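Notes follow the structure.
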Amino acid sequence: TQLLEQSPQFLSIQEGENLTVYCNSSSVFSSLQWYRQEPGEGPVLLVTVVTGGEVKKLKRLTFQFGDARKDSSLHITAAQPGDTGLYLCAGADETSGSRLTFGEGTQLTVNP
Amino acid sequence: NAGVMQNPRHLVRRRGQEARLRCSPMKGHSHVYWYRQLPEEGLKFMVYLQKENIIDESGMPKERFSAEFPKEGPSILRIQQVVRGDSAAYFCASSPPSPKRDYNEQFFGPGTRLTVL
C-alpha cells in the first residue's frame, strides 16, 4: 500500500509570512499533484509535477518534485488570508497510472 | 467550460435505503474516478471507469457498492442498504483520454455529502 505523509497537519501563520508544506513517501510516483480544497467543495488542481527535480511556480506558490520522485514540497511566499485552505498532495500510482493516493492534507490558516 | 458536475450535492438517507450519486465528467473527458472522504480522513480511491467498463475497482467495498458509466448519461455510484458508516463526502473526478499513462491529471467535482440517519 502506497502512503503519502504530509506535514505539518495544521499550520497557522500571520499574513506576510512564508511557509513550506511537505509531502513524503517511500514509494516512487509517476506524477504528483497538489490540490487545494475549501470547506464543502471538491479539491481544485493547482499543479502537476512529473519530472524528478522539477520546480514549478504559480504566482507566490513554488512546487518542487524530489529527484527520486518520492517527495514534494509546496512553498508559499508572503502568505495572504486568501491562501487559507486545505492543501492536498496526491501521487499517481506508477503501476496503474489511474489511482491517486492522497495525503491527509495540511490545513493552512493565514491570519490577517 | 463546465467542470465536473455531481448531484445531488447533499443526500440524506435512512439506514437500509439506497443512495444513488451521479457524476457528469468534463466535456471531452472519458475517464471517471470515484473517491470517498470520511470525516477527519483523507480522500480514498474507490473505482475507475471508462465508458461501459470498470477498469479498477480495487478501492470499492466488496458488498453494497457498485458503479457504472454507461454509454449515454452520467456515471452512477450506487450504495445499497446504507449504514451510518457510509456517511461521507463522495467525490467524482474526470480526466481526458491520454496516450501517456504517467501523466494523469484528475479534475474533481464539488462532491455529494451523504448523511445516513
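The chains in the C-alpha cells are called A, B, ... from first to last as shown; in each chain the residues are counted from 1, and the ligands are counted from 1 in the order shown.
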
* Interface list for chain B, partner chain A, 12 Å threshold, only C-alpha atoms, as a PyMOL selection string -> chain B and resi 3-6+9-10+31-50+54-59+88-113

Keeping C-alpha atoms, export the residues of the selection given above as a JSON list (two decimals), in the first residue's frame.
[["chain", "number", "residue", "atom", "x", "y", "z"],
["B", 3, "GLY", "CA", -16.50, 21.41, -14.87],
["B", 4, "VAL", "CA", -17.28, 18.06, -13.35],
["B", 5, "MET", "CA", -20.87, 18.04, -12.17],
["B", 6, "GLN", "CA", -22.22, 16.00, -9.31],
["B", 9, "ARG", "CA", -24.87, 17.95, -3.52],
["B", 10, "HIS", "CA", -26.44, 16.71, -0.31],
["B", 31, "HIS", "CA", -12.32, 8.61, -17.66],
["B", 32, "VAL", "CA", -14.20, 8.84, -14.36],
["B", 33, "TYR", "CA", -12.96, 8.17, -10.84],
["B", 34, "TRP", "CA", -14.82, 7.99, -7.55],
["B", 35, "TYR", "CA", -13.22, 8.85, -4.21],
["B", 36, "ARG", "CA", -14.61, 8.86, -0.68],
["B", 37, "GLN", "CA", -13.65, 11.28, 2.07],
["B", 38, "LEU", "CA", -14.69, 10.09, 5.50],
["B", 39, "PRO", "CA", -14.89, 12.62, 8.35],
["B", 40, "GLU", "CA", -11.42, 13.57, 9.54],
["B", 41, "GLU", "CA", -9.79, 11.37, 6.91],
["B", 42, "GLY", "CA", -8.17, 11.90, 3.53],
["B", 43, "LEU", "CA", -9.61, 11.04, 0.14],
["B", 44, "LYS", "CA", -9.54, 7.35, -0.69],
["B", 45, "PHE", "CA", -9.78, 5.92, -4.18],
["B", 46, "MET", "CA", -12.79, 3.72, -4.87],
["B", 47, "VAL", "CA", -13.17, 2.97, -8.56],
["B", 48, "TYR", "CA", -12.00, 3.98, -12.02],
["B", 49, "LEU", "CA", -14.28, 3.67, -15.05],
["B", 50, "GLN", "CA", -14.27, 4.35, -18.72],
["B", 54, "ILE", "CA", -14.85, -0.79, -14.94],
["B", 55, "ILE", "CA", -11.07, -0.50, -15.15],
["B", 56, "ASP", "CA", -10.04, -0.61, -11.49],
["B", 57, "GLU", "CA", -12.39, -1.27, -8.57],
["B", 58, "SER", "CA", -9.73, -2.16, -6.04],
["B", 59, "GLY", "CA", -10.95, 0.51, -3.60],
["B", 88, "ALA", "CA", -19.09, 10.71, 3.92],
["B", 89, "ALA", "CA", -18.35, 13.06, 1.06],
["B", 90, "TYR", "CA", -18.16, 11.26, -2.26],
["B", 91, "PHE", "CA", -16.15, 12.94, -4.98],
["B", 92, "CYS", "CA", -16.05, 12.23, -8.65],
["B", 93, "ALA", "CA", -13.11, 13.20, -10.83],
["B", 94, "SER", "CA", -12.57, 13.01, -14.56],
["B", 95, "SER", "CA", -9.58, 13.06, -16.86],
["B", 96, "PRO", "CA", -9.17, 13.24, -20.62],
["B", 97, "PRO", "CA", -8.01, 10.29, -22.69],
["B", 98, "SER", "CA", -4.24, 10.45, -22.68],
["B", 99, "PRO", "CA", -1.60, 8.49, -24.52],
["B", 100, "LYS", "CA", 0.72, 8.91, -21.56],
["B", 101, "ARG", "CA", -0.41, 6.82, -18.61],
["B", 102, "ASP", "CA", 2.07, 8.52, -16.31],
["B", 103, "TYR", "CA", 0.51, 11.95, -16.65],
["B", 104, "ASN", "CA", -2.90, 11.60, -15.09],
["B", 105, "GLU", "CA", -4.46, 14.94, -14.16],
["B", 106, "GLN", "CA", -7.81, 14.48, -12.48],
["B", 107, "PHE", "CA", -10.34, 17.26, -12.09],
["B", 108, "PHE", "CA", -12.80, 16.98, -9.24],
["B", 109, "GLY", "CA", -16.45, 17.77, -8.87],
["B", 110, "PRO", "CA", -17.95, 19.51, -5.82],
["B", 111, "GLY", "CA", -18.90, 16.24, -4.17],
["B", 112, "THR", "CA", -22.04, 14.68, -2.73],
["B", 113, "ARG", "CA", -22.37, 14.77, 1.03]]

* Output as number ranges by chain all residues of chain B that backbone DSSP marks as strand (DSSP E or B). => B: 5-7, 10-13, 19-24, 31-37, 43-50, 53-56, 65-68, 75-79, 88-95, 107-108, 112-116

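The gap separating atom CA of Gln107 of chain A from atom CA of Gln9 of chain A is 6.2 Å, in Å to one decimal.
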
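Separating atom CA of Arg36 of chain A from atom CA of Val12 of chain B is a distance of 26.5 Å.
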
* Asked: Taking into account only C-alpha atoms, which residue in the set A:Leu46, A:Leu108, A:Ala79, A:Ala68 is nearest to Val21 of chain A?
  ->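 Nearest candidate to Val21 of chain A out of A:Leu46, A:Leu108, A:Ala79, A:Ala68: A:Leu108.
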
* Could you tell me which of A:Ser27, A:Asn111, A:Thr84, A:Ser73 comes closest to Pro8 of chain A if we count only C-alpha atoms? => A:Ser73

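When atom CA of Met60 of chain B is paired with atom CA of Val83 of chain B, their separation reads 15.4 Å.
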
* List the neighbours of Asn18 of chain A out to 10 Å using only C-alpha atoms; skip same-chain residues closer than 6 positions along the sequence, and give me the result as a list of chain:residue names. => A:Arg60, A:His75, A:Ile76, A:Thr77, A:Ala78, A:Ala79, A:Gln80

* Neighbour list for Gly82 of chain A as a list in words, cut-off 10 Å, only C-alpha atoms, skip fewer than 4 positions in-chain ->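 Counting only C-alpha atoms, the residues come to Glu15, Thr109, Val110, Asn111 and Pro112 of chain A.
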
What would the file look like if the residues just selected were written as a PDB file, in the first residue's frame with N, CA and C atoms?
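Written file, again_23.pdb:
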ATOM      1  N   GLU A  15      -0.279  36.854   8.224  1.00  0.00           N
ATOM      2  CA  GLU A  15      -0.174  37.385   6.863  1.00  0.00           C
ATOM      3  C   GLU A  15       1.243  37.912   6.621  1.00  0.00           C
ATOM      4  N   THR A 109      -4.062  28.123   7.870  1.00  0.00           N
ATOM      5  CA  THR A 109      -4.825  29.312   8.251  1.00  0.00           C
ATOM      6  C   THR A 109      -3.875  30.501   8.251  1.00  0.00           C
ATOM      7  N   VAL A 110      -4.212  31.491   7.456  1.00  0.00           N
ATOM      8  CA  VAL A 110      -3.405  32.717   7.417  1.00  0.00           C
ATOM      9  C   VAL A 110      -4.224  33.821   8.078  1.00  0.00           C
ATOM     10  N   ASN A 111      -3.711  34.316   9.165  1.00  0.00           N
ATOM     11  CA  ASN A 111      -4.419  35.343   9.942  1.00  0.00           C
ATOM     12  C   ASN A 111      -4.035  36.738   9.481  1.00  0.00           C
ATOM     13  N   PRO A 112      -5.017  37.621   9.346  1.00  0.00           N
ATOM     14  CA  PRO A 112      -4.722  38.990   8.889  1.00  0.00           C
ATOM     15  C   PRO A 112      -4.000  39.794   9.960  1.00  0.00           C
TER      16      PRO A 112
END
